[in-house]
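A.B. asks: Have a peek at upload.csv (CSV, C-alpha atoms).
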```
chain,number,residue,atom,x,y,z
A,1,MET,CA,103.8,98.8,107.2
A,2,TYR,CA,103.0,99.2,103.5
A,3,LEU,CA,101.9,102.1,101.4
A,4,ALA,CA,100.5,101.9,97.9
A,5,GLY,CA,100.4,104.7,95.3
A,6,ALA,CA,98.0,104.4,92.4
A,7,SER,CA,99.5,105.9,89.3
A,8,TYR,CA,96.9,107.3,87.0
A,9,HIS,CA,98.6,108.7,83.9
A,10,ASP,CA,102.2,109.1,82.7
A,11,ALA,CA,102.3,111.8,80.1
A,12,MET,CA,106.0,111.6,79.6
A,13,HIS,CA,106.3,107.8,79.0
A,14,GLY,CA,103.5,105.2,79.0
A,15,GLY,CA,100.4,107.3,78.9
A,16,TRP,CA,97.6,105.2,80.5
A,17,SER,CA,100.0,102.3,81.0
A,18,THR,CA,101.6,103.1,84.4
A,19,ARG,CA,103.5,101.6,87.2
A,20,SER,CA,101.9,101.9,90.6
A,21,LEU,CA,104.3,101.8,93.5
A,22,ILE,CA,104.4,99.9,96.7
A,23,PHE,CA,106.5,101.1,99.6
A,24,ARG,CA,107.4,99.4,102.9
A,25,MET,CA,108.5,100.6,106.3
A,26,ARG,CA,110.1,97.9,108.5
A,27,ALA,CA,110.1,97.9,112.3
A,28,GLN,CA,112.8,100.2,113.7
A,29,GLU,CA,112.8,102.2,110.4
A,30,ASP,CA,111.6,105.8,110.2
A,31,SER,CA,110.9,106.1,106.4
A,32,PHE,CA,109.3,104.2,103.6
A,33,SER,CA,111.5,102.5,100.9
A,34,LEU,CA,110.4,101.3,97.5
A,35,LEU,CA,109.4,97.6,97.4
A,36,GLN,CA,107.6,97.0,94.1
A,37,GLN,CA,106.4,98.5,90.9
A,38,LEU,CA,103.2,97.0,89.6
A,39,ASN,CA,101.8,97.4,86.1
A,40,THR,CA,98.5,99.2,86.0
A,41,PHE,CA,96.3,101.1,83.5
A,42,GLY,CA,95.0,104.4,84.7
A,43,ALA,CA,95.0,103.3,88.3
A,44,HIS,CA,92.5,105.5,90.2
A,45,ASP,CA,92.5,104.0,93.6
A,46,ALA,CA,94.3,101.4,95.7
A,47,GLU,CA,92.9,99.5,98.7
A,48,PHE,CA,94.4,97.1,101.2
A,49,GLY,CA,92.4,94.3,102.9
A,50,SER,CA,93.0,91.3,105.1
A,51,PHE,CA,91.1,88.0,105.6
A,52,ASN,CA,92.1,84.9,107.6
A,53,ASN,CA,95.8,86.1,107.9
A,54,GLN,CA,95.9,86.8,104.1
A,55,TYR,CA,96.7,90.3,102.8
A,56,PHE,CA,95.3,91.7,99.6
A,57,LEU,CA,95.8,94.8,97.5
A,58,ALA,CA,93.2,95.9,94.8
A,59,PHE,CA,93.5,98.6,92.2
A,60,SER,CA,90.6,100.3,90.5
A,61,GLU,CA,91.9,100.9,86.9
A,62,ASP,CA,90.1,103.4,84.7
A,63,ARG,CA,91.1,102.9,81.1
A,64,ASN,CA,93.8,102.2,78.5
A,65,GLU,CA,94.4,104.1,75.3
A,66,HIS,CA,91.2,102.8,73.7
A,67,THR,CA,88.5,101.9,76.2
A,68,THR,CA,87.4,101.9,79.8
A,69,GLN,CA,86.2,98.3,79.6
A,70,ILE,CA,89.3,96.7,80.9
A,71,SER,CA,90.3,94.6,83.9
A,72,SER,CA,91.4,95.8,87.4
A,73,SER,CA,94.1,93.9,89.2
A,74,VAL,CA,94.1,92.2,92.6
A,75,PHE,CA,97.3,91.1,94.4
A,76,ARG,CA,97.9,88.9,97.4
A,77,PHE,CA,100.9,89.2,99.7
A,78,ASP,CA,103.3,86.3,99.5
A,79,PRO,CA,105.2,85.9,102.8
A,80,GLY,CA,107.9,83.8,101.2
A,81,THR,CA,109.0,86.6,98.9
A,82,GLU,CA,107.7,89.5,101.1
A,83,SER,CA,106.0,91.0,98.1
A,84,PHE,CA,102.5,91.3,96.5
A,85,ARG,CA,101.9,88.7,93.8
A,86,PHE,CA,99.3,89.0,91.1
A,87,LEU,CA,96.1,87.1,92.0
A,88,GLN,CA,93.3,88.0,89.5
A,89,SER,CA,92.0,90.4,86.9
A,90,ILE,CA,88.5,91.6,87.4
A,91,PRO,CA,86.4,93.1,84.6
A,92,THR,CA,85.6,96.8,85.3
A,93,ASP,CA,84.3,99.8,83.4
A,94,GLY,CA,86.2,103.0,84.1
A,95,ALA,CA,86.7,101.9,87.7
A,96,HIS,CA,87.2,105.0,90.0
A,97,GLY,CA,87.1,103.4,93.4
A,98,CYS,CA,87.2,100.0,95.2
A,99,GLU,CA,86.7,98.6,98.7
A,100,LEU,CA,87.9,95.4,100.3
A,101,PHE,CA,86.0,94.5,103.4
A,102,THR,CA,84.5,91.7,105.5
A,103,ALA,CA,80.8,91.5,106.0
A,104,GLN,CA,78.9,88.7,107.8
A,105,GLY,CA,81.9,86.4,107.6
A,106,SER,CA,82.5,86.9,103.9
A,107,PHE,CA,85.4,88.8,102.3
A,108,LEU,CA,84.2,91.1,99.6
A,109,LEU,CA,85.5,93.5,97.0
A,110,ALA,CA,83.3,96.3,95.6
A,111,PHE,CA,84.1,98.4,92.5
A,112,ALA,CA,82.6,101.8,91.6
A,113,ASN,CA,82.5,101.8,87.8
A,114,PHE,CA,82.3,105.4,86.4
A,115,GLY,CA,81.8,104.5,82.7
A,116,ASP,CA,83.7,106.6,80.1
A,117,ARG,CA,84.3,110.2,80.9
A,118,GLN,CA,86.0,110.9,77.6
A,119,GLY,CA,83.2,109.2,75.7
A,120,LYS,CA,80.6,111.0,77.8
A,121,ARG,CA,79.1,107.7,78.8
A,122,TYR,CA,78.1,107.7,82.5
A,123,LYS,CA,75.7,104.8,82.7
A,124,SER,CA,77.4,101.7,84.0
A,125,LYS,CA,77.1,98.9,86.6
A,126,SER,CA,79.1,98.8,89.8
A,127,SER,CA,79.9,95.4,91.1
A,128,LEU,CA,80.4,93.2,94.2
A,129,TRP,CA,82.7,90.2,94.3
A,130,LYS,CA,83.1,87.5,97.0
A,131,TYR,CA,86.4,85.7,97.8
A,132,HIS,CA,86.3,81.9,97.7
A,133,GLU,CA,89.0,80.3,99.7
A,134,GLY,CA,88.7,77.0,98.0
A,135,ASP,CA,90.1,78.2,94.7
A,136,GLY,CA,91.5,81.5,96.0
A,137,ILE,CA,89.7,83.9,93.7
A,138,PHE,CA,86.9,86.5,93.7
A,139,ARG,CA,83.6,85.7,92.0
A,140,LEU,CA,80.9,88.1,91.0
A,141,ILE,CA,77.8,88.0,93.2
A,142,GLY,CA,76.0,91.2,92.3
A,143,GLU,CA,75.7,94.5,90.3
A,144,VAL,CA,73.8,97.7,90.6
A,145,LYS,CA,73.2,100.4,88.0
A,146,THR,CA,75.2,103.6,88.6
A,147,GLN,CA,75.7,106.9,86.9
A,148,GLY,CA,79.3,108.1,86.9
A,149,ALA,CA,80.2,106.2,90.1
A,150,THR,CA,83.3,107.6,91.7
A,151,ASP,CA,83.7,105.8,95.0
A,152,VAL,CA,82.2,103.0,97.2
A,153,LYS,CA,82.5,102.7,101.0
A,154,HIS,CA,81.5,100.0,103.4
A,155,PHE,CA,80.2,100.8,106.9
A,156,THR,CA,78.4,99.0,109.7
A,157,ILE,CA,75.5,100.2,112.0
A,158,GLU,CA,74.5,97.8,114.8
A,159,ASN,CA,75.9,94.8,113.1
A,160,HIS,CA,74.2,95.6,109.8
A,161,ASP,CA,76.5,96.0,106.7
A,162,PHE,CA,76.0,98.8,104.2
A,163,LEU,CA,77.6,100.0,101.0
A,164,ALA,CA,77.4,103.7,99.9
A,165,ILE,CA,78.1,104.5,96.3
A,166,SER,CA,78.8,108.1,95.2
A,167,ASN,CA,77.5,109.1,91.8
A,168,GLU,CA,78.9,112.0,89.9
A,169,GLY,CA,76.4,111.9,87.0
A,170,ASP,CA,76.4,113.7,83.7
A,171,ILE,CA,77.1,117.2,85.0
A,172,GLN,CA,77.7,118.8,81.6
A,173,ASN,CA,74.1,117.9,80.5
A,174,ARG,CA,72.7,118.7,84.0
A,175,ARG,CA,71.6,115.1,84.4
A,176,PHE,CA,71.7,114.7,88.2
A,177,GLN,CA,70.8,111.7,90.2
A,178,VAL,CA,70.7,110.3,93.7
A,179,SER,CA,73.6,108.6,95.4
A,180,ALA,CA,72.4,105.4,97.1
A,181,ILE,CA,73.1,103.3,100.2
A,182,PHE,CA,72.5,99.6,100.0
A,183,VAL,CA,72.3,97.0,102.8
A,184,CYS,CA,74.2,93.8,102.3
A,185,LEU,CA,72.0,90.7,102.5
A,186,GLU,CA,72.7,87.2,103.5
A,187,PRO,CA,73.2,84.7,102.0
A,188,PHE,CA,75.6,86.3,99.5
A,189,CYS,CA,75.4,83.3,97.1
A,190,ARG,CA,71.7,83.2,96.2
A,191,ASN,CA,70.9,82.0,92.7
A,192,PRO,CA,70.7,84.5,91.1
A,193,PRO,CA,72.8,86.4,93.7
A,194,VAL,CA,70.9,89.3,95.4
A,195,PRO,CA,73.4,90.9,97.7
A,196,PHE,CA,72.0,94.4,97.6
A,197,ARG,CA,68.8,96.1,98.8
A,198,LYS,CA,68.5,99.9,98.5
A,199,VAL,CA,67.8,101.6,101.8
A,200,PHE,CA,68.5,105.2,101.0
A,201,PRO,CA,66.8,106.9,99.4
A,202,SER,CA,63.9,104.6,100.2
A,203,PRO,CA,62.4,103.0,97.0
A,204,GLY,CA,59.4,105.0,95.8
A,205,HIS,CA,60.1,108.0,98.0
A,206,PRO,CA,63.2,109.8,96.7
A,207,SER,CA,63.5,113.4,97.6
A,208,LYS,CA,65.3,115.0,94.7
A,209,LYS,CA,65.7,118.3,96.5
A,210,GLU,CA,67.5,116.7,99.4
A,211,LEU,CA,69.2,113.7,97.8
A,212,SER,CA,70.2,114.7,94.3
A,213,THR,CA,73.9,114.8,93.8
A,214,ALA,CA,76.2,116.3,91.2
A,215,GLY,CA,79.9,115.9,91.1
A,216,VAL,CA,80.1,113.8,94.3
A,217,HIS,CA,83.4,112.0,94.5
A,218,LEU,CA,83.4,110.6,98.1
A,219,SER,CA,80.8,108.6,99.9
```
I need this file expressed as structure tokens, please.

C.D. replies:
Amino acid sequence: MYLAGASYHDAMHGGWSTRSLIFRMRAQEDSFSLLQQLNTFGAHDAEFGSFNNQYFLAFSEDRNEHTTQISSSVFRFDPGTESFRFLQSIPTDGAHGCELFTAQGSFLLAFANFGDRQGKRYKSKSSLWKYHEGDGIFRLIGEVKTQGATDVKHFTIENHDFLAISNEGDIQNRRFQVSAIFVCLEPFCRNPPVPFRKVFPSPGHPSKKELSTAGVHLS
């Protein structure tokens, strides 16, 4: 059993440059012990996922000392060393949440990109990436416009796959918005890729009274 801790900020030492910790509990043990320390920048979330007997760990990384437009790290478990090894850097923009999941036979990674809270920039694009076993990396297949996105969650209803993205919005200027739910479409590799279709609120019929959100952090 593994446990990941996302380290956001180290005021005493590295600032936004942090070390996120991985702990392990072996069979017959009753406590976690430190396994690894992974270099991250403003890590806001950590998510595990598995696909075809491979195990992955993704961090959503918010910012460094200068900008939110940085890369978030993905790791894959190496059975030989019994540790998580760096796999790939994925471009993000103030990433606050991520989700590893399987939908319709594809292994996917979604990021909720907040933008820049310190710079008061909330408009961004949250992204969806598909894992390709041939070269062992994730490739971008779609983006949606978001406003201070804080989290993304996958769920299924009657074999249909959905993504919910929570939008915080620009609360200080009372610019509220709606948080949306998207259905995942097949095929995931259209040209151009169109993996999303908004299903809630329904296009053209938003109810701002019922669906407007402010400061939402979980979907």

A.B. asks: Please provide as a list in words all residues within 12 Å of Pro91 of chain A, with the sequence filter that same-chain residues fewer than 4 positions apart are discarded (counting all atoms listed in the file).

C.D. replies: Phe59, Ser60, Glu61, Asp62, Arg63, Thr68, Gln69, Ile70, Ser71, Ser72, Ser73, Val74, Ala95, Ala110, Phe111, Ala112, Asn113, Lys125, Ser126, Ser127, Leu128, Trp129, Phe138, Arg139 and Leu140 of chain A

A.B. asks: So, with only C-alpha atoms as the atoms that count, which of A:Arg117, A:His154, A:His132, A:Arg85 lies closest to Gly169 of chain A?

C.D. replies: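 Smallest separation from Gly169 of chain A among the options: A:Arg117.
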
A.B. asks: Between A:Met12, A:Leu163, A:Leu87, A:Met25, which residue has the minimum interatomic distance to Phe75 of chain A, considering only C-alpha atoms?

C.D. replies: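 Comparing A:Met12, A:Leu163, A:Leu87, A:Met25 against Phe75 of chain A, the winner is A:Leu87.
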
A.B. asks: Given the choices A:Gly115, A:Pro79, A:Phe107, A:Lys153, which gets closest to Thr92 of chain A if the distance is worked out from only C-alpha atoms?

C.D. replies: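 For Thr92 of chain A, the nearest of the candidates is A:Gly115.
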
A.B. asks: Just to confirm, what's the straight-line distance from atom CA of Asp116 of chain A to atom CA of Thr146 of chain A in Å (one decimal)?

C.D. replies: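 Atom CA of Thr146 of chain A lies 12.4 Å from atom CA of Asp116 of chain A.
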
A.B. asks: Fewer than 5 positions away in the same chain doesn't count, so skip those; otherwise give me all residues within 7 Å of Ile165 of chain A, counting all atoms listed in the file, as a list in words.

C.D. replies: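 Counting all atoms listed in the file, the residues come to Ala149, Asp151, Val152, Lys153, Ser179, Ala180, Ile181 and Ser219 of chain A.
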
A.B. asks: Given all atoms listed in the file as the basis, pick out the residue of A:Thr102, A:Gly5, A:Ser33, A:Gln54 nearest to Gly136 of chain A.

C.D. replies: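 When distances to Gly136 of chain A are compared using all atoms listed in the file, the smallest one comes from A:Gln54.
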
A.B. asks: Considering all atoms listed in the file, state which residue in the set A:Glu65, A:Ser31, A:Thr18, A:Tyr8 is at the smallest distance from Asp45 of chain A.

C.D. replies: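 Using all atoms listed in the file, Asp45 of chain A sits closest to A:Tyr8.
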
A.B. asks: Quick one: residues within 10 Å of Phe51 of chain A, all atoms listed in the file counted, chain neighbours fewer than 2 positions away excluded, as a PyMOL selection string?

C.D. replies: chain A and resi 49+53-56+100-102+105-108+131+133

A.B. asks: Counting only C-alpha atoms, figure out which residue out of A:Arg19, A:Arg24, A:His9, A:His44 gets nearest to Cys98 of chain A.

C.D. replies: A:His44

A.B. asks: Report, in Å with one decimal, the straight-line distance from atom CA of Gly14 of chain A to atom CA of Thr67 of chain A.

C.D. replies: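 Between these atoms lies a distance of 15.6 Å.
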
A.B. asks: One decimal, in Å: what's the spacing between atom CA of Asn64 of chain A and atom CA of Gly94 of chain A?

C.D. replies: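 Separation of atom CA of Asn64 of chain A and atom CA of Gly94 of chain A: 9.5 Å.
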
A.B. asks: If we count all atoms listed in the file, what is near Thr150 of chain A at a cut-off of 7 Å, once residues fewer than 5 positions away on the same chain are taken out, given as a PyMOL selection string?

C.D. replies: chain A and resi 96-97+112+114+166-168+217

A.B. asks: Listed atoms of segment 42-50 of chain A, axis-aligned box, 6 Å per side: centre and edge lengths to one decimal in Å, as AutoDock Vina command-line options?

C.D. replies:
```
--center_x 93.7 --center_y 98.4 --center_z 94.9 --size_x 14.6 --size_y 26.2 --size_z 32.4
```

A.B. asks: Could you list, as a PDB file with C-alpha atoms, keeping the file's coordinate frame, every residue within 10 Å of Phe86 of chain A, counting only C-alpha atoms and ignoring same-chain residues fewer than 2 positions away?

C.D. replies:
```pdb
ATOM      1  CA  LEU A  38     103.200  97.000  89.600  1.00  0.00           C
ATOM      2  CA  PHE A  56      95.300  91.700  99.600  1.00  0.00           C
ATOM      3  CA  LEU A  57      95.800  94.800  97.500  1.00  0.00           C
ATOM      4  CA  ALA A  58      93.200  95.900  94.800  1.00  0.00           C
ATOM      5  CA  SER A  73      94.100  93.900  89.200  1.00  0.00           C
ATOM      6  CA  VAL A  74      94.100  92.200  92.600  1.00  0.00           C
ATOM      7  CA  PHE A  75      97.300  91.100  94.400  1.00  0.00           C
ATOM      8  CA  ARG A  76      97.900  88.900  97.400  1.00  0.00           C
ATOM      9  CA  PHE A  77     100.900  89.200  99.700  1.00  0.00           C
ATOM     10  CA  ASP A  78     103.300  86.300  99.500  1.00  0.00           C
ATOM     11  CA  SER A  83     106.000  91.000  98.100  1.00  0.00           C
ATOM     12  CA  PHE A  84     102.500  91.300  96.500  1.00  0.00           C
ATOM     13  CA  GLN A  88      93.300  88.000  89.500  1.00  0.00           C
ATOM     14  CA  SER A  89      92.000  90.400  86.900  1.00  0.00           C
TER      15      SER A  89
END
```
